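J.: Pasting model35.pdb below, which is PDB, C-alpha atoms.
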```
ATOM      1  CA  MET A   1      49.387  80.100 115.047  1.00  0.00           C
ATOM      2  CA  ALA A   2      47.858  81.765 118.101  1.00  0.00           C
ATOM      3  CA  LYS A   3      46.666  79.460 120.882  1.00  0.00           C
ATOM      4  CA  VAL A   4      43.261  80.078 122.477  1.00  0.00           C
ATOM      5  CA  LEU A   5      42.248  78.414 125.751  1.00  0.00           C
ATOM      6  CA  VAL A   6      38.477  77.851 125.999  1.00  0.00           C
ATOM      7  CA  VAL A   7      37.226  77.386 129.575  1.00  0.00           C
ATOM      8  CA  ASP A   8      33.592  76.351 130.026  1.00  0.00           C
ATOM      9  CA  ASP A   9      31.823  73.520 131.842  1.00  0.00           C
ATOM     10  CA  GLU A  10      29.161  73.095 129.153  1.00  0.00           C
ATOM     11  CA  PRO A  11      30.455  70.584 126.544  1.00  0.00           C
ATOM     12  CA  ASN A  12      28.217  71.952 123.757  1.00  0.00           C
ATOM     13  CA  ILE A  13      29.602  75.454 124.216  1.00  0.00           C
ATOM     14  CA  VAL A  14      33.191  74.196 124.364  1.00  0.00           C
ATOM     15  CA  LEU A  15      32.659  72.219 121.143  1.00  0.00           C
ATOM     16  CA  SER A  16      31.060  75.116 119.274  1.00  0.00           C
ATOM     17  CA  ILE A  17      33.688  77.653 120.371  1.00  0.00           C
ATOM     18  CA  GLU A  18      36.499  75.175 119.674  1.00  0.00           C
ATOM     19  CA  PHE A  19      35.166  74.613 116.135  1.00  0.00           C
ATOM     20  CA  LEU A  20      34.667  78.343 115.614  1.00  0.00           C
ATOM     21  CA  MET A  21      38.209  79.205 116.737  1.00  0.00           C
ATOM     22  CA  GLN A  22      39.750  76.404 114.647  1.00  0.00           C
ATOM     23  CA  GLN A  23      37.850  77.644 111.582  1.00  0.00           C
ATOM     24  CA  ALA A  24      39.282  81.106 112.279  1.00  0.00           C
ATOM     25  CA  GLY A  25      42.784  79.630 112.215  1.00  0.00           C
ATOM     26  CA  PHE A  26      43.568  79.313 115.919  1.00  0.00           C
ATOM     27  CA  ASP A  27      45.104  76.437 117.848  1.00  0.00           C
ATOM     28  CA  VAL A  28      42.578  75.523 120.583  1.00  0.00           C
ATOM     29  CA  VAL A  29      43.064  74.038 124.044  1.00  0.00           C
ATOM     30  CA  THR A  30      40.092  73.416 126.359  1.00  0.00           C
ATOM     31  CA  ALA A  31      39.422  73.154 130.098  1.00  0.00           C
ATOM     32  CA  GLU A  32      36.170  72.295 131.860  1.00  0.00           C
ATOM     33  CA  ASP A  33      36.833  74.034 135.171  1.00  0.00           C
ATOM     34  CA  GLY A  34      38.932  76.700 136.834  1.00  0.00           C
ATOM     35  CA  GLU A  35      41.539  74.325 138.283  1.00  0.00           C
ATOM     36  CA  SER A  36      42.301  72.701 134.940  1.00  0.00           C
ATOM     37  CA  ALA A  37      42.328  76.134 133.269  1.00  0.00           C
ATOM     38  CA  LEU A  38      45.101  77.262 135.625  1.00  0.00           C
ATOM     39  CA  GLU A  39      46.973  73.984 134.976  1.00  0.00           C
ATOM     40  CA  ARG A  40      46.770  74.501 131.182  1.00  0.00           C
ATOM     41  CA  VAL A  41      48.082  78.064 131.541  1.00  0.00           C
ATOM     42  CA  ALA A  42      50.976  76.836 133.710  1.00  0.00           C
ATOM     43  CA  GLU A  43      51.833  74.003 131.267  1.00  0.00           C
ATOM     44  CA  THR A  44      51.684  75.947 128.017  1.00  0.00           C
ATOM     45  CA  PRO A  45      50.486  79.541 128.278  1.00  0.00           C
ATOM     46  CA  PRO A  46      47.892  80.413 125.624  1.00  0.00           C
ATOM     47  CA  ASP A  47      47.829  83.671 123.680  1.00  0.00           C
ATOM     48  CA  LEU A  48      44.250  84.379 124.797  1.00  0.00           C
ATOM     49  CA  ILE A  49      41.626  82.870 127.131  1.00  0.00           C
ATOM     50  CA  LEU A  50      37.862  82.655 126.643  1.00  0.00           C
ATOM     51  CA  LEU A  51      36.775  82.213 130.256  1.00  0.00           C
ATOM     52  CA  ASP A  52      33.291  81.346 131.508  1.00  0.00           C
ATOM     53  CA  ILE A  53      32.326  82.946 134.827  1.00  0.00           C
ATOM     54  CA  SER A  54      30.138  80.107 136.163  1.00  0.00           C
ATOM     55  CA  LEU A  55      32.483  77.169 136.631  1.00  0.00           C
ATOM     56  CA  PRO A  56      32.439  74.268 139.104  1.00  0.00           C
ATOM     57  CA  GLY A  57      35.025  74.714 141.871  1.00  0.00           C
ATOM     58  CA  ILE A  58      36.847  77.999 141.500  1.00  0.00           C
ATOM     59  CA  SER A  59      34.910  80.537 139.457  1.00  0.00           C
ATOM     60  CA  GLY A  60      35.997  82.371 136.342  1.00  0.00           C
ATOM     61  CA  PHE A  61      36.396  85.487 138.488  1.00  0.00           C
ATOM     62  CA  ASP A  62      38.847  83.596 140.746  1.00  0.00           C
ATOM     63  CA  VAL A  63      40.812  82.308 137.750  1.00  0.00           C
ATOM     64  CA  LEU A  64      40.957  85.856 136.376  1.00  0.00           C
ATOM     65  CA  GLU A  65      42.183  87.230 139.714  1.00  0.00           C
ATOM     66  CA  GLN A  66      44.870  84.566 140.066  1.00  0.00           C
ATOM     67  CA  LEU A  67      46.167  85.145 136.539  1.00  0.00           C
ATOM     68  CA  ARG A  68      46.171  88.933 136.934  1.00  0.00           C
ATOM     69  CA  SER A  69      48.134  88.691 140.204  1.00  0.00           C
ATOM     70  CA  ASP A  70      50.858  86.626 138.476  1.00  0.00           C
ATOM     71  CA  PRO A  71      53.330  88.949 136.680  1.00  0.00           C
ATOM     72  CA  GLN A  72      53.895  86.264 134.035  1.00  0.00           C
ATOM     73  CA  HIS A  73      50.206  86.319 133.018  1.00  0.00           C
ATOM     74  CA  ALA A  74      49.160  89.820 134.051  1.00  0.00           C
ATOM     75  CA  ARG A  75      48.830  90.945 130.420  1.00  0.00           C
ATOM     76  CA  LEU A  76      47.355  87.731 128.993  1.00  0.00           C
ATOM     77  CA  PRO A  77      44.232  88.728 127.000  1.00  0.00           C
ATOM     78  CA  ILE A  78      41.099  87.346 128.668  1.00  0.00           C
ATOM     79  CA  ILE A  79      37.505  87.523 127.383  1.00  0.00           C
ATOM     80  CA  MET A  80      34.881  86.603 129.976  1.00  0.00           C
ATOM     81  CA  LEU A  81      31.890  84.517 128.854  1.00  0.00           C
ATOM     82  CA  THR A  82      28.650  84.512 130.806  1.00  0.00           C
ATOM     83  CA  ALA A  83      25.058  83.435 130.463  1.00  0.00           C
ATOM     84  CA  HIS A  84      24.091  86.312 132.724  1.00  0.00           C
ATOM     85  CA  GLY A  85      23.794  89.663 131.014  1.00  0.00           C
ATOM     86  CA  ARG A  86      23.875  91.317 134.396  1.00  0.00           C
ATOM     87  CA  GLU A  87      25.709  94.607 134.423  1.00  0.00           C
ATOM     88  CA  VAL A  88      27.194  93.959 137.864  1.00  0.00           C
ATOM     89  CA  GLU A  89      29.005  90.814 136.618  1.00  0.00           C
ATOM     90  CA  ARG A  90      30.319  92.641 133.600  1.00  0.00           C
ATOM     91  CA  GLU A  91      31.625  95.450 135.790  1.00  0.00           C
ATOM     92  CA  LYS A  92      33.208  93.001 138.237  1.00  0.00           C
ATOM     93  CA  GLY A  93      34.967  91.118 135.417  1.00  0.00           C
ATOM     94  CA  LEU A  94      36.307  94.300 133.862  1.00  0.00           C
ATOM     95  CA  ALA A  95      37.347  95.646 137.289  1.00  0.00           C
ATOM     96  CA  LEU A  96      39.292  92.432 137.939  1.00  0.00           C
ATOM     97  CA  GLY A  97      41.156  92.929 134.677  1.00  0.00           C
ATOM     98  CA  ALA A  98      39.200  91.158 131.936  1.00  0.00           C
ATOM     99  CA  ASP A  99      39.928  92.619 128.501  1.00  0.00           C
ATOM    100  CA  ASP A 100      36.450  92.066 127.133  1.00  0.00           C
ATOM    101  CA  TYR A 101      33.128  90.477 127.918  1.00  0.00           C
ATOM    102  CA  VAL A 102      30.679  88.382 125.890  1.00  0.00           C
ATOM    103  CA  THR A 103      27.181  87.371 126.976  1.00  0.00           C
ATOM    104  CA  LYS A 104      25.851  83.958 125.880  1.00  0.00           C
ATOM    105  CA  PRO A 105      24.264  83.413 123.468  1.00  0.00           C
ATOM    106  CA  PHE A 106      26.721  85.423 121.415  1.00  0.00           C
ATOM    107  CA  SER A 107      27.275  86.205 117.769  1.00  0.00           C
ATOM    108  CA  THR A 108      29.963  83.838 116.510  1.00  0.00           C
ATOM    109  CA  GLN A 109      31.333  86.472 114.144  1.00  0.00           C
ATOM    110  CA  ALA A 110      31.497  89.078 116.908  1.00  0.00           C
ATOM    111  CA  LEU A 111      33.400  86.655 119.155  1.00  0.00           C
ATOM    112  CA  VAL A 112      35.946  85.862 116.435  1.00  0.00           C
ATOM    113  CA  GLU A 113      36.409  89.596 115.787  1.00  0.00           C
ATOM    114  CA  LYS A 114      36.985  90.301 119.504  1.00  0.00           C
ATOM    115  CA  VAL A 115      39.589  87.513 119.671  1.00  0.00           C
ATOM    116  CA  LYS A 116      41.391  88.745 116.541  1.00  0.00           C
ATOM    117  CA  THR A 117      41.345  92.359 117.772  1.00  0.00           C
ATOM    118  CA  LEU A 118      42.786  91.473 121.180  1.00  0.00           C
ATOM    119  CA  LEU A 119      45.488  89.264 119.668  1.00  0.00           C
ATOM    120  CA  ALA A 120      46.440  92.019 117.212  1.00  0.00           C
ATOM    121  CA  GLU A 121      46.714  94.533 120.081  1.00  0.00           C
ATOM    122  CA  ASP A 122      48.863  92.108 122.050  1.00  0.00           C
ATOM    123  CA  ALA A 123      51.218  91.353 119.144  1.00  0.00           C
TER     124      ALA A 123
END
```
Could you quickly redo this structure as structure tokens?
T.:
Amino acid sequence: MAKVLVVDDEPNIVLSIEFLMQQAGFDVVTAEDGESALERVAETPPDLILLDISLPGISGFDVLEQLRSDPQHARLPIIMLTAHGREVEREKGLALGADDYVTKPFSTQALVEKVKTLLAEDA
């Protein structure tokens, strides 16, 4: 079973994505900020990360950069989540190495499809 790490500081979003991913057959781990996200990855690396950009402490962009600079996690599939549909943020995330990008609110089915597609490509 593939493990998905959900990183978001909004409990309602974490709960809904966690439920959605579990229904889709994934093992889910959660983190509420960038520091704990990096700790979870170090403890037990997930197969994919759903990473919010706006986090307390270190941002999703910083987490992305740190993971991409580590050879062990350089190819870990990462989908950025953001409430801002701003093109500049999307471009920055993709330039830093994000595999995909989803703007909140998002289609639950589309998110599940993106996760499944990325995990299939990585297999």
J.: Counting only C-alpha atoms, figure out which residue out of A:Thr103, A:Gln66, A:Asn12, A:Thr82 gets nearest to Val41 in chain A.
T.: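 Looking at the shortest contact to Val41 in chain A, the residue is A:Gln66.
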J.: Quick check, in Å to one decimal: how far apart do CA of Glu89 in chain A and CA of Ile53 in chain A lie?
T.: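 Distance between the two atoms: 8.7 Å.
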J.: Using only C-alpha atoms, which residues sit within 12 Å of Glu39 in chain A once same-chain residues fewer than 4 positions away are excluded, as a list in words?
T.: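 Near neighbours after the sequence-gap exclusion: Leu5, Val7, Val29, Thr30, Ala31, Glu32, Asp33, Gly34, Glu35, Glu43, Thr44, Pro45, Pro46, Val63, Gln66 and Leu67 of chain A.
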J.: CA of Ser16 in chain A and CA of Val28 in chain A, how far apart in Å?
T.: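 One can read the CA of Val28 in chain A to CA of Ser16 in chain A distance as 11.6 Å.
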J.: May I ask which of the residues A:Gln72, A:Gln23, A:Ser59, A:Gln109 is the closest one to Ala42 in chain A, counting all atoms listed in the file?
T.: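 Checking each candidate against Ala42 in chain A, we get A:Gln72 as the closest.
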J.: So which one's closest to Met21 in chain A, A:Arg86, A:Gly93, A:Ile49, A:Lys104? Using all atoms listed in the file, please.
T.: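 Residue with the minimum atom-to-atom distance to Met21 in chain A: A:Ile49.
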J.: Grab range 58-93 of chain A from that structure and dump N, CA and C atoms to a file, as a PDB file, in the first residue's frame.
T.:
```pdb
ATOM      1  N   ILE A  58       8.604  27.018   8.542  1.00  0.00           N
ATOM      2  CA  ILE A  58       9.161  26.941   7.187  1.00  0.00           C
ATOM      3  C   ILE A  58       8.053  26.626   6.183  1.00  0.00           C
ATOM      4  N   SER A  59       8.075  27.314   5.070  1.00  0.00           N
ATOM      5  CA  SER A  59       7.003  27.201   4.082  1.00  0.00           C
ATOM      6  C   SER A  59       7.097  25.903   3.283  1.00  0.00           C
ATOM      7  N   GLY A  60       6.025  25.621   2.557  1.00  0.00           N
ATOM      8  CA  GLY A  60       6.020  24.472   1.667  1.00  0.00           C
ATOM      9  C   GLY A  60       7.122  24.573   0.617  1.00  0.00           C
ATOM     10  N   PHE A  61       7.400  25.778   0.158  1.00  0.00           N
ATOM     11  CA  PHE A  61       8.489  25.972  -0.809  1.00  0.00           C
ATOM     12  C   PHE A  61       9.828  25.543  -0.198  1.00  0.00           C
ATOM     13  N   ASP A  62      10.047  25.916   1.084  1.00  0.00           N
ATOM     14  CA  ASP A  62      11.297  25.554   1.763  1.00  0.00           C
ATOM     15  C   ASP A  62      11.412  24.041   1.946  1.00  0.00           C
ATOM     16  N   VAL A  63      10.301  23.414   2.320  1.00  0.00           N
ATOM     17  CA  VAL A  63      10.284  21.953   2.474  1.00  0.00           C
ATOM     18  C   VAL A  63      10.629  21.306   1.132  1.00  0.00           C
ATOM     19  N   LEU A  64       9.997  21.787   0.077  1.00  0.00           N
ATOM     20  CA  LEU A  64      10.248  21.272  -1.272  1.00  0.00           C
ATOM     21  C   LEU A  64      11.727  21.402  -1.633  1.00  0.00           C
ATOM     22  N   GLU A  65      12.289  22.576  -1.385  1.00  0.00           N
ATOM     23  CA  GLU A  65      13.707  22.811  -1.710  1.00  0.00           C
ATOM     24  C   GLU A  65      14.630  21.875  -0.930  1.00  0.00           C
ATOM     25  N   GLN A  66      14.342  21.714   0.357  1.00  0.00           N
ATOM     26  CA  GLN A  66      15.185  20.840   1.183  1.00  0.00           C
ATOM     27  C   GLN A  66      15.122  19.398   0.700  1.00  0.00           C
ATOM     28  N   LEU A  67      13.918  18.932   0.369  1.00  0.00           N
ATOM     29  CA  LEU A  67      13.775  17.550  -0.097  1.00  0.00           C
ATOM     30  C   LEU A  67      14.453  17.355  -1.447  1.00  0.00           C
ATOM     31  N   ARG A  68      14.316  18.324  -2.334  1.00  0.00           N
ATOM     32  CA  ARG A  68      14.917  18.204  -3.671  1.00  0.00           C
ATOM     33  C   ARG A  68      16.445  18.253  -3.621  1.00  0.00           C
ATOM     34  N   SER A  69      17.012  18.913  -2.594  1.00  0.00           N
ATOM     35  CA  SER A  69      18.466  19.001  -2.497  1.00  0.00           C
ATOM     36  C   SER A  69      19.066  17.763  -1.836  1.00  0.00           C
ATOM     37  N   ASP A  70      18.217  16.880  -1.303  1.00  0.00           N
ATOM     38  CA  ASP A  70      18.671  15.640  -0.670  1.00  0.00           C
ATOM     39  C   ASP A  70      18.553  14.507  -1.691  1.00  0.00           C
ATOM     40  N   PRO A  71      19.693  13.914  -2.091  1.00  0.00           N
ATOM     41  CA  PRO A  71      19.661  12.864  -3.130  1.00  0.00           C
ATOM     42  C   PRO A  71      18.688  11.726  -2.813  1.00  0.00           C
ATOM     43  N   GLN A  72      18.503  11.453  -1.518  1.00  0.00           N
ATOM     44  CA  GLN A  72      17.609  10.371  -1.105  1.00  0.00           C
ATOM     45  C   GLN A  72      16.143  10.670  -1.446  1.00  0.00           C
ATOM     46  N   HIS A  73      15.786  11.958  -1.485  1.00  0.00           N
ATOM     47  CA  HIS A  73      14.387  12.344  -1.715  1.00  0.00           C
ATOM     48  C   HIS A  73      14.201  13.192  -2.969  1.00  0.00           C
ATOM     49  N   ALA A  74      15.232  13.285  -3.776  1.00  0.00           N
ATOM     50  CA  ALA A  74      15.183  14.165  -4.951  1.00  0.00           C
ATOM     51  C   ALA A  74      14.080  13.781  -5.933  1.00  0.00           C
ATOM     52  N   ARG A  75      13.728  12.484  -5.974  1.00  0.00           N
ATOM     53  CA  ARG A  75      12.708  12.033  -6.925  1.00  0.00           C
ATOM     54  C   ARG A  75      11.364  11.709  -6.269  1.00  0.00           C
ATOM     55  N   LEU A  76      11.228  12.037  -5.000  1.00  0.00           N
ATOM     56  CA  LEU A  76       9.975  11.793  -4.276  1.00  0.00           C
ATOM     57  C   LEU A  76       8.855  12.631  -4.903  1.00  0.00           C
ATOM     58  N   PRO A  77       7.772  12.005  -5.355  1.00  0.00           N
ATOM     59  CA  PRO A  77       6.684  12.785  -5.979  1.00  0.00           C
ATOM     60  C   PRO A  77       6.042  13.759  -4.982  1.00  0.00           C
ATOM     61  N   ILE A  78       5.936  15.018  -5.388  1.00  0.00           N
ATOM     62  CA  ILE A  78       5.367  16.047  -4.518  1.00  0.00           C
ATOM     63  C   ILE A  78       4.336  16.864  -5.300  1.00  0.00           C
ATOM     64  N   ILE A  79       3.117  16.942  -4.731  1.00  0.00           N
ATOM     65  CA  ILE A  79       2.054  17.780  -5.301  1.00  0.00           C
ATOM     66  C   ILE A  79       1.858  18.947  -4.337  1.00  0.00           C
ATOM     67  N   MET A  80       2.020  20.161  -4.848  1.00  0.00           N
ATOM     68  CA  MET A  80       1.831  21.354  -4.025  1.00  0.00           C
ATOM     69  C   MET A  80       0.335  21.701  -3.939  1.00  0.00           C
ATOM     70  N   LEU A  81      -0.097  22.092  -2.748  1.00  0.00           N
ATOM     71  CA  LEU A  81      -1.475  22.532  -2.528  1.00  0.00           C
ATOM     72  C   LEU A  81      -1.438  24.003  -2.152  1.00  0.00           C
ATOM     73  N   THR A  82      -2.313  24.800  -2.725  1.00  0.00           N
ATOM     74  CA  THR A  82      -2.354  26.206  -2.342  1.00  0.00           C
ATOM     75  C   THR A  82      -3.747  26.784  -2.473  1.00  0.00           C
ATOM     76  N   ALA A  83      -4.025  27.743  -1.606  1.00  0.00           N
ATOM     77  CA  ALA A  83      -5.303  28.455  -1.689  1.00  0.00           C
ATOM     78  C   ALA A  83      -5.190  29.578  -2.708  1.00  0.00           C
ATOM     79  N   HIS A  84      -3.965  29.901  -3.073  1.00  0.00           N
ATOM     80  CA  HIS A  84      -3.749  30.995  -4.025  1.00  0.00           C
ATOM     81  C   HIS A  84      -3.635  30.409  -5.421  1.00  0.00           C
ATOM     82  N   GLY A  85      -4.468  30.868  -6.331  1.00  0.00           N
ATOM     83  CA  GLY A  85      -4.365  30.382  -7.697  1.00  0.00           C
ATOM     84  C   GLY A  85      -3.402  31.227  -8.505  1.00  0.00           C
ATOM     85  N   ARG A  86      -2.490  31.886  -7.800  1.00  0.00           N
ATOM     86  CA  ARG A  86      -1.597  32.808  -8.495  1.00  0.00           C
ATOM     87  C   ARG A  86      -0.573  32.064  -9.337  1.00  0.00           C
ATOM     88  N   GLU A  87      -0.461  32.478 -10.557  1.00  0.00           N
ATOM     89  CA  GLU A  87       0.434  31.839 -11.515  1.00  0.00           C
ATOM     90  C   GLU A  87       1.889  31.849 -11.045  1.00  0.00           C
ATOM     91  N   VAL A  88       2.287  32.931 -10.386  1.00  0.00           N
ATOM     92  CA  VAL A  88       3.680  33.056  -9.949  1.00  0.00           C
ATOM     93  C   VAL A  88       4.032  31.966  -8.926  1.00  0.00           C
ATOM     94  N   GLU A  89       3.095  31.628  -8.035  1.00  0.00           N
ATOM     95  CA  GLU A  89       3.343  30.574  -7.043  1.00  0.00           C
ATOM     96  C   GLU A  89       3.434  29.221  -7.717  1.00  0.00           C
ATOM     97  N   ARG A  90       2.568  29.009  -8.683  1.00  0.00           N
ATOM     98  CA  ARG A  90       2.582  27.747  -9.409  1.00  0.00           C
ATOM     99  C   ARG A  90       3.925  27.572 -10.119  1.00  0.00           C
ATOM    100  N   GLU A  91       4.352  28.640 -10.780  1.00  0.00           N
ATOM    101  CA  GLU A  91       5.633  28.589 -11.500  1.00  0.00           C
ATOM    102  C   GLU A  91       6.799  28.368 -10.550  1.00  0.00           C
ATOM    103  N   LYS A  92       6.765  29.028  -9.394  1.00  0.00           N
ATOM    104  CA  LYS A  92       7.847  28.871  -8.417  1.00  0.00           C
ATOM    105  C   LYS A  92       7.903  27.424  -7.923  1.00  0.00           C
ATOM    106  N   GLY A  93       6.739  26.863  -7.585  1.00  0.00           N
ATOM    107  CA  GLY A  93       6.678  25.478  -7.107  1.00  0.00           C
ATOM    108  C   GLY A  93       7.211  24.504  -8.141  1.00  0.00           C
TER     109      GLY A  93
END
```
